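**Student:** One file: target13.cif (mmCIF, C-alpha atoms).
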```
data_run
#
loop_
_atom_site.label_atom_id
_atom_site.label_comp_id
_atom_site.auth_asym_id
_atom_site.auth_seq_id
_atom_site.Cartn_x
_atom_site.Cartn_y
_atom_site.Cartn_z
CA MET A 1 18.66 -6.23 11.89
CA PRO A 2 16.56 -7.44 14.82
CA GLN A 3 18.50 -8.29 17.95
CA PHE A 4 18.73 -12.02 18.59
CA PRO A 5 20.49 -13.85 21.44
CA PRO A 6 24.08 -14.70 20.44
CA GLY A 7 24.12 -18.04 18.66
CA SER A 8 20.39 -17.90 17.89
CA PRO A 9 19.51 -19.81 14.70
CA PHE A 10 17.69 -16.70 13.49
CA GLU A 11 20.79 -14.50 13.78
CA GLN A 12 22.73 -16.17 10.95
CA PHE A 13 19.61 -16.70 8.83
CA PHE A 14 18.76 -12.99 8.83
CA LYS A 15 22.36 -11.92 8.36
CA ASP A 16 22.57 -14.17 5.29
CA PHE A 17 19.17 -12.95 4.04
CA LEU A 18 20.14 -9.29 4.36
CA ASP A 19 23.47 -9.90 2.66
CA ARG A 20 21.59 -11.37 -0.33
CA ASN A 21 18.67 -8.87 -0.25
CA PRO A 22 19.91 -5.49 0.93
CA HIS A 23 17.30 -3.13 2.28
CA PRO A 24 17.25 0.16 0.29
CA GLY A 25 18.38 2.05 3.41
CA GLN A 26 21.04 -0.47 4.46
CA GLY A 27 24.41 1.14 4.98
CA GLN A 28 22.76 4.44 5.81
CA GLU A 29 21.55 5.60 9.20
CA GLN A 30 19.68 2.74 10.91
CA GLN A 31 15.92 3.05 11.22
CA GLN A 32 14.59 3.87 14.67
CA ALA A 33 13.08 1.03 16.65
CA LEU A 34 9.43 0.58 15.82
CA PRO A 35 6.95 1.40 18.60
CA ARG A 36 4.85 -1.69 17.90
CA GLN A 37 5.27 -5.19 19.23
CA GLN A 38 6.52 -6.31 15.84
CA THR A 39 9.64 -5.35 13.93
CA SER A 40 9.93 -5.12 10.19
CA LEU A 41 13.05 -5.78 8.16
CA GLY A 42 11.53 -3.77 5.33
CA SER A 43 12.01 -6.71 2.99
CA GLY A 44 8.72 -8.47 3.56
CA PHE A 45 9.59 -10.06 6.91
CA ILE A 46 7.53 -9.34 10.00
CA ILE A 47 9.01 -10.56 13.28
CA ASP A 48 7.25 -10.77 16.62
CA PRO A 49 9.09 -9.95 19.89
CA SER A 50 10.27 -13.55 20.37
CA GLY A 51 12.07 -13.47 17.01
CA LEU A 52 9.48 -15.65 15.29
CA VAL A 53 8.92 -14.81 11.62
CA VAL A 54 5.22 -14.00 11.28
CA THR A 55 5.33 -13.82 7.48
CA ASN A 56 7.91 -13.48 4.76
CA ASN A 57 5.34 -12.84 2.03
CA HIS A 58 4.83 -9.44 0.51
CA VAL A 59 1.60 -8.12 1.97
CA ILE A 60 -0.67 -5.60 0.23
CA ALA A 61 -2.88 -4.20 2.98
CA ASP A 62 -6.37 -2.80 2.50
CA ALA A 63 -6.27 0.63 4.15
CA ASP A 64 -9.87 1.47 3.20
CA ASP A 65 -10.13 5.26 2.82
CA GLY A 66 -7.22 5.83 5.21
CA TYR A 67 -9.63 5.69 8.16
CA GLY A 68 -10.52 9.37 8.07
CA GLY A 69 -8.95 12.60 6.89
CA VAL A 70 -5.41 13.45 5.88
CA LEU A 71 -3.94 13.07 9.39
CA ASN A 72 -5.45 9.59 9.63
CA VAL A 73 -4.01 8.70 6.22
CA ILE A 74 -0.55 9.76 7.40
CA ARG A 75 -0.77 7.62 10.53
CA THR A 76 -2.30 4.68 8.63
CA THR A 77 0.53 4.77 6.09
CA GLN A 78 3.19 4.90 8.79
CA GLU A 79 1.58 2.10 10.81
CA PHE A 80 1.26 -0.29 7.86
CA GLU A 81 4.80 0.46 6.71
CA ALA A 82 6.15 -0.04 10.24
CA ALA A 83 4.25 -3.34 10.49
CA GLY A 84 6.09 -4.62 7.42
CA ALA A 85 3.46 -4.41 4.69
CA ALA A 86 4.86 -4.05 1.18
CA ALA A 87 2.00 -1.80 0.05
CA ILE A 88 -1.35 -0.31 0.96
CA HIS A 89 -4.28 0.57 -1.21
CA LEU A 90 -6.43 3.58 -0.45
CA GLU A 91 -9.90 3.80 -1.94
CA ASP A 92 -12.03 6.69 -3.12
CA GLN A 93 -15.23 5.75 -1.28
CA PRO A 94 -16.57 8.17 1.34
CA PHE A 95 -17.25 7.17 4.93
CA PRO A 96 -19.30 5.17 5.74
CA LYS A 97 -18.11 2.93 2.95
CA VAL A 98 -20.01 0.23 1.13
CA SER A 99 -18.76 -3.35 0.96
CA GLY A 100 -16.84 -4.03 -2.24
CA SER A 101 -19.32 -6.77 -3.07
CA LEU A 102 -22.23 -4.29 -3.23
CA ALA A 103 -22.96 -1.60 -5.80
CA VAL A 104 -21.06 1.60 -5.03
CA THR A 105 -23.25 4.68 -5.40
CA ARG A 106 -20.89 7.38 -4.10
CA VAL A 107 -17.23 8.27 -4.43
CA VAL A 108 -15.29 11.24 -3.08
CA GLU A 109 -14.24 14.05 -5.37
CA PRO A 110 -10.97 13.17 -7.14
CA GLU A 111 -9.25 16.16 -5.51
CA VAL A 112 -10.00 14.72 -2.05
CA MET A 113 -8.47 11.40 -3.03
CA CYS A 114 -5.44 13.09 -4.58
CA THR A 115 -4.82 14.98 -1.34
CA LYS A 116 -4.93 11.70 0.60
CA LEU A 117 -2.58 10.02 -1.88
CA GLU A 118 -0.10 12.88 -1.64
CA ALA A 119 -0.23 12.68 2.17
CA ALA A 120 0.42 8.91 2.09
CA ILE A 121 3.30 9.32 -0.34
CA ASP A 122 4.88 12.03 1.81
CA ALA A 123 4.37 9.93 4.97
CA ARG A 124 6.17 6.80 3.78
CA LYS A 125 9.79 6.44 4.79
CA ASN A 126 10.81 3.94 2.13
CA ARG A 127 10.16 4.49 -1.58
CA ASN A 128 9.73 0.72 -1.98
CA PHE A 129 6.61 0.84 0.21
CA LEU A 130 3.95 1.18 -2.49
CA ILE A 131 0.86 3.36 -2.43
CA ILE A 132 -1.93 1.94 -4.61
CA ALA A 133 -4.95 4.09 -5.45
CA ARG A 134 -8.14 2.06 -5.62
CA SER A 135 -11.08 3.48 -7.51
CA ASP A 136 -14.64 2.27 -7.06
CA CYS A 137 -16.09 4.84 -9.45
CA PHE A 138 -17.05 2.53 -12.34
CA GLU A 139 -20.73 2.15 -11.37
CA VAL A 140 -21.01 5.90 -10.78
CA GLU A 141 -18.83 7.42 -13.51
CA GLY A 142 -18.18 4.62 -16.01
CA VAL A 143 -15.07 4.04 -18.09
CA GLU A 144 -14.40 7.75 -18.72
CA GLY A 145 -14.51 8.43 -14.98
CA MET A 146 -12.05 5.64 -14.32
CA ILE A 147 -9.67 6.96 -16.95
CA ARG A 148 -9.92 10.50 -15.56
CA ARG A 149 -9.40 9.35 -11.98
CA GLY A 150 -6.60 6.94 -12.95
CA ARG A 151 -4.69 9.76 -14.62
CA LEU A 152 -5.24 12.10 -11.67
CA TYR A 153 -4.22 9.47 -9.11
CA ARG A 154 -1.04 8.63 -11.03
CA LYS A 155 -0.26 12.35 -11.35
CA ALA A 156 -0.71 12.66 -7.57
CA GLY A 157 2.01 10.01 -7.22
CA ALA A 158 0.20 6.68 -6.81
CA ASP A 159 2.55 3.83 -7.64
CA ALA A 160 -0.29 1.77 -9.12
CA ILE A 161 -4.02 1.94 -9.72
CA GLN A 162 -6.52 -0.68 -8.60
CA LEU A 163 -9.81 -0.58 -10.49
CA ARG A 164 -12.88 -2.35 -9.16
CA GLY A 165 -16.07 -3.35 -10.90
CA LEU A 166 -14.93 -3.88 -14.48
CA LEU A 167 -16.25 -6.94 -16.25
CA ALA A 168 -16.00 -6.27 -19.99
CA LYS A 169 -12.68 -6.79 -21.77
CA ASP A 170 -13.33 -3.70 -23.92
CA ASP A 171 -13.63 -1.54 -20.79
CA ILE A 172 -10.37 -2.91 -19.43
CA ARG A 173 -8.63 -2.31 -22.77
CA ALA A 174 -9.94 1.28 -22.93
CA ILE A 175 -8.73 2.06 -19.42
CA ARG A 176 -5.40 0.34 -20.00
CA ALA A 177 -4.93 2.51 -23.12
CA GLY A 178 -5.96 5.67 -21.26
CA VAL A 179 -3.92 5.37 -18.06
CA ASP A 180 -0.18 4.77 -17.81
CA GLY A 181 1.49 2.67 -15.17
CA PRO A 182 0.84 -0.52 -13.23
CA MET A 183 -2.80 -1.56 -12.71
CA MET A 184 -4.71 -4.11 -10.72
CA PHE A 185 -8.26 -5.16 -11.47
CA SER A 186 -10.70 -6.59 -8.93
#
```
Can the structure in the file be given as structure tokens, please?
**Tutor:**
Amino acid sequence: MPQFPPGSPFEQFFKDFLDRNPHPGQGQEQQQALPRQQTSLGSGFIIDPSGLVVTNNHVIADADDGYGGVLNVIRTTQEFEAAGAAAIHLEDQPFPKVSGSLAVTRVVEPEVMCTKLEAAIDARKNRNFLIIARSDCFEVEGVEGMIRRGRLYRKAGADAIQLRGLLAKDDIRAIRAGVDGPMMFS
């Protein structure tokens, strides 16, 4: 629990909140202090140094391609988790990436993305911090490519798949039937 001045109105609020919503690691060794200027309770709260709650919503952060190679993905994962995000999504576009509103003409090889997903999964400290694999391959590889990548990304350990670019209900149904697990469409 963050340290508040004795008698602070936040002190009792957070104690009551944590009693009702235990953190998965609560009761075990306490997490080390975060190096950033914000502290996370790991339950969706982000608190700035003054004790002010910045947000208590569950945030899914866009981590692009992880901002580089595997080492960057590890650091990106750790930074977003430490900041209090509930999840990140990593995408399979190469650098430099194309805006999601434009037609995607290139994606990385699925093996490259799987390596990044495995690195992110290994880097997280809390299993409840979700890693979402975003695929932008529809315009390049079609429905079959999305099914193949969705299966590979889930096998690599992604908690969910985010698929971009689908418009037809039949395409969504085909992918839903071909890939197990939670999905997001954008």
**Student:** Please determine the residues with any atom at most 8 Å from (-6.9, -2.2, -1.4) (coordinates as given in the file, with all atoms listed in the file counting) and report them as a compact mmCIF listing (two decimals) with C-alpha atoms, in the coordinates of the input.
**Tutor:**
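Result file follows (selection_36.txt):
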```
# COMPACT_ATOMS: atom_id res chain seq x y z
CA ILE A 60 -0.67 -5.60 0.23
CA ALA A 61 -2.88 -4.20 2.98
CA ASP A 62 -6.37 -2.80 2.50
CA ALA A 63 -6.27 0.63 4.15
CA ASP A 64 -9.87 1.47 3.20
CA ILE A 88 -1.35 -0.31 0.96
CA HIS A 89 -4.28 0.57 -1.21
CA LEU A 90 -6.43 3.58 -0.45
CA GLU A 91 -9.90 3.80 -1.94
CA ILE A 132 -1.93 1.94 -4.61
CA ALA A 133 -4.95 4.09 -5.45
CA ARG A 134 -8.14 2.06 -5.62
CA GLN A 162 -6.52 -0.68 -8.60
```
**Student:** Once the PyMOL selection byres ((chain A and resi 174-181) around 6) has been evaluated on this model, what residues remain selected, and can you format them as a PyMOL selection string?
**Tutor:** chain A and resi 147+150-151+171-173+182
**Student:** Record the distance separating atom CA of A:Ala86 and atom CA of A:Asn128, expressed in Å with one decimal.
**Tutor:**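 Calculated distance between atom CA of A:Ala86 and atom CA of A:Asn128 is 7.5 Å.
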**Student:** Could you please determine the separation between atom CA of A:Asn72 and atom CA of A:Arg164 in Å, to one decimal place?
**Tutor:** 23.5 Å
**Student:** Quick one: apply the PyMOL selection byres ((chain A and resi 119) around 9) to the file and drop the selected residues here as a PDB file with C-alpha atoms, in the frame of the given file.
**Tutor:**
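Dumped everything to out_17.pdb:
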```
ATOM      1  CA  VAL A  70      -5.410  13.450   5.880  1.00  0.00           C
ATOM      2  CA  LEU A  71      -3.940  13.070   9.390  1.00  0.00           C
ATOM      3  CA  VAL A  73      -4.010   8.700   6.220  1.00  0.00           C
ATOM      4  CA  ILE A  74      -0.550   9.760   7.400  1.00  0.00           C
ATOM      5  CA  THR A  77       0.530   4.770   6.090  1.00  0.00           C
ATOM      6  CA  CYS A 114      -5.440  13.090  -4.580  1.00  0.00           C
ATOM      7  CA  THR A 115      -4.820  14.980  -1.340  1.00  0.00           C
ATOM      8  CA  LYS A 116      -4.930  11.700   0.600  1.00  0.00           C
ATOM      9  CA  LEU A 117      -2.580  10.020  -1.880  1.00  0.00           C
ATOM     10  CA  GLU A 118      -0.100  12.880  -1.640  1.00  0.00           C
ATOM     11  CA  ALA A 120       0.420   8.910   2.090  1.00  0.00           C
ATOM     12  CA  ILE A 121       3.300   9.320  -0.340  1.00  0.00           C
ATOM     13  CA  ASP A 122       4.880  12.030   1.810  1.00  0.00           C
ATOM     14  CA  ALA A 123       4.370   9.930   4.970  1.00  0.00           C
ATOM     15  CA  ARG A 124       6.170   6.800   3.780  1.00  0.00           C
TER      16      ARG A 124
END
```
**Student:** Between A:Met184, A:Ile131, A:Val143, A:Leu152, which is the closest to A:Asp170 once you count all atoms listed in the file?
**Tutor:**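 Smallest separation from A:Asp170 among the options: A:Val143.
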**Student:** Please report the interatomic distance between atom CA of A:Pro96 and atom CA of A:Gly66 in Å with one decimal.
**Tutor:**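 If I compute the distance from atom CA of A:Pro96 to atom CA of A:Gly66, I get 12.1 Å.
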**Student:** What's the 8 Å shell around A:Phe129, counting only C-alpha atoms, without same-chain residues fewer than 6 positions away, as a list in words?
**Tutor:** Glu81, Ala85, Ala86 and Ala87 of chain A
**Student:** Could you check the closest approach to A:Ala160 for each of A:Phe80, A:Phe95, A:Tyr67, A:Phe185 and tell me which residue wins, using only C-alpha atoms?
**Tutor:**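 With only C-alpha atoms as the atom set, the closest residue is A:Phe185.
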**Student:** So which residues touch A:Val107 within 9 Å, counting all atoms listed in the file, skipping near sequence neighbours fewer than 5 positions away, as a ChimeraX atom specification?
**Tutor:** /A:91-94,135-137,140
**Student:** Is it possible to add N, CA, C and O atoms to stretch 142-164 of chain A and hand it back as a PDB file, keeping the file's coordinate frame?
**Tutor:**
```pdb
ATOM      1  N   GLY A 142     -18.489   5.378 -14.807  1.00  0.00           N
ATOM      2  CA  GLY A 142     -18.180   4.620 -16.010  1.00  0.00           C
ATOM      3  C   GLY A 142     -16.702   4.629 -16.382  1.00  0.00           C
ATOM      4  O   GLY A 142     -15.837   5.032 -15.605  1.00  0.00           O
ATOM      5  N   VAL A 143     -16.434   4.185 -17.603  1.00  0.00           N
ATOM      6  CA  VAL A 143     -15.070   4.040 -18.090  1.00  0.00           C
ATOM      7  C   VAL A 143     -14.361   5.393 -18.137  1.00  0.00           C
ATOM      8  O   VAL A 143     -13.198   5.516 -17.719  1.00  0.00           O
ATOM      9  N   GLU A 144     -15.029   6.417 -18.635  1.00  0.00           N
ATOM     10  CA  GLU A 144     -14.400   7.750 -18.720  1.00  0.00           C
ATOM     11  C   GLU A 144     -13.991   8.267 -17.346  1.00  0.00           C
ATOM     12  O   GLU A 144     -12.935   8.875 -17.184  1.00  0.00           O
ATOM     13  N   GLY A 145     -14.839   8.026 -16.347  1.00  0.00           N
ATOM     14  CA  GLY A 145     -14.510   8.430 -14.980  1.00  0.00           C
ATOM     15  C   GLY A 145     -13.298   7.689 -14.455  1.00  0.00           C
ATOM     16  O   GLY A 145     -12.443   8.274 -13.776  1.00  0.00           O
ATOM     17  N   MET A 146     -13.215   6.407 -14.762  1.00  0.00           N
ATOM     18  CA  MET A 146     -12.050   5.640 -14.320  1.00  0.00           C
ATOM     19  C   MET A 146     -10.776   6.116 -14.988  1.00  0.00           C
ATOM     20  O   MET A 146      -9.733   6.185 -14.350  1.00  0.00           O
ATOM     21  N   ILE A 147     -10.857   6.438 -16.254  1.00  0.00           N
ATOM     22  CA  ILE A 147      -9.670   6.960 -16.950  1.00  0.00           C
ATOM     23  C   ILE A 147      -9.264   8.300 -16.348  1.00  0.00           C
ATOM     24  O   ILE A 147      -8.085   8.517 -16.035  1.00  0.00           O
ATOM     25  N   ARG A 148     -10.230   9.181 -16.142  1.00  0.00           N
ATOM     26  CA  ARG A 148      -9.920  10.500 -15.560  1.00  0.00           C
ATOM     27  C   ARG A 148      -9.297  10.353 -14.186  1.00  0.00           C
ATOM     28  O   ARG A 148      -8.258  10.940 -13.888  1.00  0.00           O
ATOM     29  N   ARG A 149      -9.925   9.542 -13.335  1.00  0.00           N
ATOM     30  CA  ARG A 149      -9.400   9.350 -11.980  1.00  0.00           C
ATOM     31  C   ARG A 149      -8.043   8.642 -12.007  1.00  0.00           C
ATOM     32  O   ARG A 149      -7.138   9.004 -11.260  1.00  0.00           O
ATOM     33  N   GLY A 150      -7.891   7.635 -12.851  1.00  0.00           N
ATOM     34  CA  GLY A 150      -6.600   6.940 -12.950  1.00  0.00           C
ATOM     35  C   GLY A 150      -5.476   7.890 -13.291  1.00  0.00           C
ATOM     36  O   GLY A 150      -4.399   7.842 -12.687  1.00  0.00           O
ATOM     37  N   ARG A 151      -5.709   8.770 -14.246  1.00  0.00           N
ATOM     38  CA  ARG A 151      -4.690   9.760 -14.620  1.00  0.00           C
ATOM     39  C   ARG A 151      -4.388  10.717 -13.472  1.00  0.00           C
ATOM     40  O   ARG A 151      -3.223  11.023 -13.191  1.00  0.00           O
ATOM     41  N   LEU A 152      -5.437  11.186 -12.801  1.00  0.00           N
ATOM     42  CA  LEU A 152      -5.240  12.100 -11.670  1.00  0.00           C
ATOM     43  C   LEU A 152      -4.498  11.422 -10.517  1.00  0.00           C
ATOM     44  O   LEU A 152      -3.604  12.022  -9.905  1.00  0.00           O
ATOM     45  N   TYR A 153      -4.856  10.187 -10.216  1.00  0.00           N
ATOM     46  CA  TYR A 153      -4.220   9.470  -9.110  1.00  0.00           C
ATOM     47  C   TYR A 153      -2.751   9.183  -9.417  1.00  0.00           C
ATOM     48  O   TYR A 153      -1.894   9.268  -8.536  1.00  0.00           O
ATOM     49  N   ARG A 154      -2.455   8.843 -10.650  1.00  0.00           N
ATOM     50  CA  ARG A 154      -1.040   8.630 -11.030  1.00  0.00           C
ATOM     51  C   ARG A 154      -0.288   9.954 -10.964  1.00  0.00           C
ATOM     52  O   ARG A 154       0.844   9.997 -10.482  1.00  0.00           O
ATOM     53  N   LYS A 155      -0.910  11.031 -11.419  1.00  0.00           N
ATOM     54  CA  LYS A 155      -0.260  12.350 -11.350  1.00  0.00           C
ATOM     55  C   LYS A 155      -0.009  12.759  -9.899  1.00  0.00           C
ATOM     56  O   LYS A 155       1.000  13.408  -9.604  1.00  0.00           O
ATOM     57  N   ALA A 156      -0.885  12.361  -8.992  1.00  0.00           N
ATOM     58  CA  ALA A 156      -0.710  12.660  -7.570  1.00  0.00           C
ATOM     59  C   ALA A 156       0.418  11.823  -6.959  1.00  0.00           C
ATOM     60  O   ALA A 156       0.851  12.099  -5.843  1.00  0.00           O
ATOM     61  N   GLY A 157       0.870  10.800  -7.687  1.00  0.00           N
ATOM     62  CA  GLY A 157       2.010  10.010  -7.220  1.00  0.00           C
ATOM     63  C   GLY A 157       1.728   8.561  -6.899  1.00  0.00           C
ATOM     64  O   GLY A 157       2.631   7.850  -6.456  1.00  0.00           O
ATOM     65  N   ALA A 158       0.501   8.083  -7.093  1.00  0.00           N
ATOM     66  CA  ALA A 158       0.200   6.680  -6.810  1.00  0.00           C
ATOM     67  C   ALA A 158       1.119   5.775  -7.619  1.00  0.00           C
ATOM     68  O   ALA A 158       1.353   6.016  -8.803  1.00  0.00           O
ATOM     69  N   ASP A 159       1.642   4.753  -6.965  1.00  0.00           N
ATOM     70  CA  ASP A 159       2.550   3.830  -7.640  1.00  0.00           C
ATOM     71  C   ASP A 159       1.806   2.898  -8.588  1.00  0.00           C
ATOM     72  O   ASP A 159       2.377   2.424  -9.566  1.00  0.00           O
ATOM     73  N   ALA A 160       0.541   2.635  -8.289  1.00  0.00           N
ATOM     74  CA  ALA A 160      -0.290   1.770  -9.120  1.00  0.00           C
ATOM     75  C   ALA A 160      -1.744   2.149  -8.900  1.00  0.00           C
ATOM     76  O   ALA A 160      -2.073   2.833  -7.929  1.00  0.00           O
ATOM     77  N   ILE A 161      -2.580   1.686  -9.797  1.00  0.00           N
ATOM     78  CA  ILE A 161      -4.020   1.940  -9.720  1.00  0.00           C
ATOM     79  C   ILE A 161      -4.721   0.592  -9.609  1.00  0.00           C
ATOM     80  O   ILE A 161      -4.397  -0.338 -10.343  1.00  0.00           O
ATOM     81  N   GLN A 162      -5.676   0.503  -8.698  1.00  0.00           N
ATOM     82  CA  GLN A 162      -6.520  -0.680  -8.600  1.00  0.00           C
ATOM     83  C   GLN A 162      -7.934  -0.268  -8.979  1.00  0.00           C
ATOM     84  O   GLN A 162      -8.494   0.648  -8.387  1.00  0.00           O
ATOM     85  N   LEU A 163      -8.481  -0.924  -9.977  1.00  0.00           N
ATOM     86  CA  LEU A 163      -9.810  -0.580 -10.490  1.00  0.00           C
ATOM     87  C   LEU A 163     -10.768  -1.714 -10.169  1.00  0.00           C
ATOM     88  O   LEU A 163     -10.488  -2.877 -10.448  1.00  0.00           O
ATOM     89  N   ARG A 164     -11.902  -1.368  -9.592  1.00  0.00           N
ATOM     90  CA  ARG A 164     -12.880  -2.350  -9.160  1.00  0.00           C
ATOM     91  C   ARG A 164     -14.167  -2.220  -9.962  1.00  0.00           C
ATOM     92  O   ARG A 164     -14.594  -1.123 -10.279  1.00  0.00           O
TER      93      ARG A 164
END
```
